[in-house]
file run04.tsv (TSV, C-alpha atoms)
chain	number	residue	atom	x	y	z
A	1	MET	CA	7.80	24.89	-5.88
A	2	ALA	CA	8.36	25.44	-2.16
A	3	SER	CA	8.94	21.86	-1.06
A	4	SER	CA	8.17	18.48	-2.53
A	5	PRO	CA	6.21	15.95	-0.49
A	6	VAL	CA	8.11	13.13	1.15
A	7	SER	CA	7.18	9.77	-0.26
A	8	ARG	CA	7.85	6.27	0.93
A	9	VAL	CA	6.81	2.78	0.04
A	10	VAL	CA	5.27	0.98	2.99
A	11	TYR	CA	4.81	-2.77	3.11
A	12	ASN	CA	4.27	-4.59	6.38
A	13	GLY	CA	5.36	-7.96	4.96
A	14	LYS	CA	2.61	-9.90	6.74
A	15	ARG	CA	0.99	-11.28	3.60
A	16	SER	CA	1.88	-14.88	2.86
A	17	GLY	CA	1.34	-16.80	-0.34
A	18	GLY	CA	-1.21	-15.69	-2.89
A	19	PRO	CA	-4.66	-14.20	-2.69
A	20	ARG	CA	-6.70	-15.42	0.25
A	21	SER	CA	-9.63	-17.75	-0.19
A	22	PRO	CA	-12.62	-17.54	2.11
A	23	GLY	CA	-12.51	-19.98	5.02
A	24	ALA	CA	-15.39	-21.73	6.71
A	25	GLY	CA	-18.03	-19.25	7.85
A	26	SER	CA	-16.48	-16.39	5.83
A	27	GLU	CA	-18.00	-14.24	3.15
A	28	ILE	CA	-18.61	-15.86	-0.20
A	29	PHE	CA	-16.66	-14.10	-2.94
A	30	THR	CA	-17.81	-14.03	-6.55
A	31	PRO	CA	-15.50	-15.28	-9.31
A	32	ALA	CA	-15.18	-11.64	-10.49
A	33	HIS	CA	-14.02	-10.59	-7.01
A	34	GLU	CA	-11.47	-13.41	-6.89
A	35	GLU	CA	-10.21	-12.42	-10.34
A	36	ASN	CA	-9.81	-8.77	-9.21
A	37	VAL	CA	-7.93	-9.82	-6.07
A	38	ARG	CA	-5.65	-12.09	-8.10
A	39	PHE	CA	-4.98	-9.30	-10.64
A	40	ILE	CA	-4.11	-6.76	-7.93
A	41	TYR	CA	-1.95	-9.29	-6.06
A	42	GLU	CA	0.00	-10.21	-9.20
A	43	ALA	CA	0.42	-6.54	-10.19
A	44	TRP	CA	1.76	-5.75	-6.71
A	45	GLN	CA	4.22	-8.64	-6.98
A	46	CYS	CA	5.54	-7.03	-10.19
A	47	VAL	CA	5.95	-3.69	-8.40
A	48	GLU	CA	7.85	-5.35	-5.54
A	49	ARG	CA	10.07	-7.22	-8.00
A	50	ASP	CA	10.82	-3.96	-9.85
A	51	LEU	CA	11.63	-2.20	-6.57
A	52	ARG	CA	14.02	-4.99	-5.56
A	53	SER	CA	15.76	-4.99	-8.94
A	54	GLN	CA	16.08	-1.20	-8.88
A	55	MET	CA	17.84	-1.04	-5.51
A	56	GLY	CA	21.31	-1.45	-7.04
A	57	SER	CA	20.78	0.79	-10.06
A	58	GLU	CA	20.44	4.56	-10.30
A	59	ARG	CA	17.26	4.55	-12.35
A	60	GLY	CA	14.76	1.71	-12.36
A	61	LEU	CA	11.35	0.94	-13.75
A	62	VAL	CA	9.41	2.41	-10.82
A	63	GLU	CA	8.93	6.17	-10.81
A	64	GLU	CA	7.29	8.38	-8.22
A	65	TYR	CA	4.38	10.55	-9.31
A	66	VAL	CA	4.52	14.11	-7.96
A	67	GLU	CA	1.93	16.78	-8.70
A	68	LYS	CA	3.33	19.67	-10.73
A	69	MET	CA	0.75	22.01	-9.22
A	70	PRO	CA	-0.23	20.67	-5.77
A	71	ASN	CA	-3.80	21.24	-4.63
A	72	PRO	CA	-3.71	24.15	-2.13
A	73	SER	CA	-6.48	22.61	-0.01
A	74	LEU	CA	-4.16	19.66	0.72
A	75	LYS	CA	-1.31	21.87	1.94
A	76	ALA	CA	-1.89	20.93	5.60
A	77	PHE	CA	-2.39	17.20	4.85
A	78	LYS	CA	-0.27	14.92	7.00
A	79	PRO	CA	0.01	11.24	6.00
A	80	VAL	CA	-1.31	8.70	8.48
A	81	ASP	CA	0.59	5.54	9.34
A	82	LEU	CA	-2.31	3.07	9.35
A	83	GLY	CA	-0.28	0.37	11.09
A	84	ASP	CA	0.55	2.72	13.95
A	85	LEU	CA	-3.06	3.92	14.16
A	86	LYS	CA	-4.32	0.32	14.35
A	87	ARG	CA	-1.74	-0.51	17.05
A	88	ARG	CA	-2.79	2.50	19.13
A	89	ASN	CA	-6.50	1.64	18.75
A	90	THR	CA	-5.80	-1.97	19.76
A	91	GLN	CA	-3.89	-0.80	22.85
A	92	ASP	CA	-6.70	1.60	23.76
A	93	THR	CA	-9.24	-1.22	23.48
A	94	LYS	CA	-7.17	-3.44	25.81
A	95	LYS	CA	-6.99	-0.63	28.42
A	96	SER	CA	-10.78	-0.24	28.49

call {"tool": "encode", "arguments": {"input": "run04.tsv", "output": "structure tokens"}}
result
Amino acid sequence: MASSPVSRVVYNGKRSGGPRSPGAGSEIFTPAHEENVRFIYEAWQCVERDLRSQMGSERGLVEEYVEKMPNPSLKAFKPVDLGDLKRRNTQDTKKS
């Protein structure tokens, strides 16, 4: 294995409270959609809790998945920081 990919957990911390409910004039979400959002939100809260509890210990509950045989077509793949991309697009829009 030549080199392992660099991984990082990214969380912008902007989310407040629980799953969002539609406001006035917003889309109408089905009960199934709301249930899926709630499930994902609660699962993510468990991941964050596990990450926080692991910080002081050598080995925690959260493990990184790394391909044993990476796909050669993804060799040149470079991760994209979506927050940075959005910021740049917003700045470009303001300049126009």

call {"tool": "atom_distance", "arguments": {"input": "run04.tsv", "atom1": "atom CA of A:Trp44", "atom2": "atom CA of A:Leu85"}}
result
23.5 Å

call {"tool": "atom_distance", "arguments": {"input": "run04.tsv", "atom1": "atom CA of A:Ala32", "atom2": "atom CA of A:Val47"}}
result
22.7 Å

call {"tool": "atom_distance", "arguments": {"input": "run04.tsv", "atom1": "atom CA of A:Glu63", "atom2": "atom CA of A:Ala43"}}
result
15.3 Å
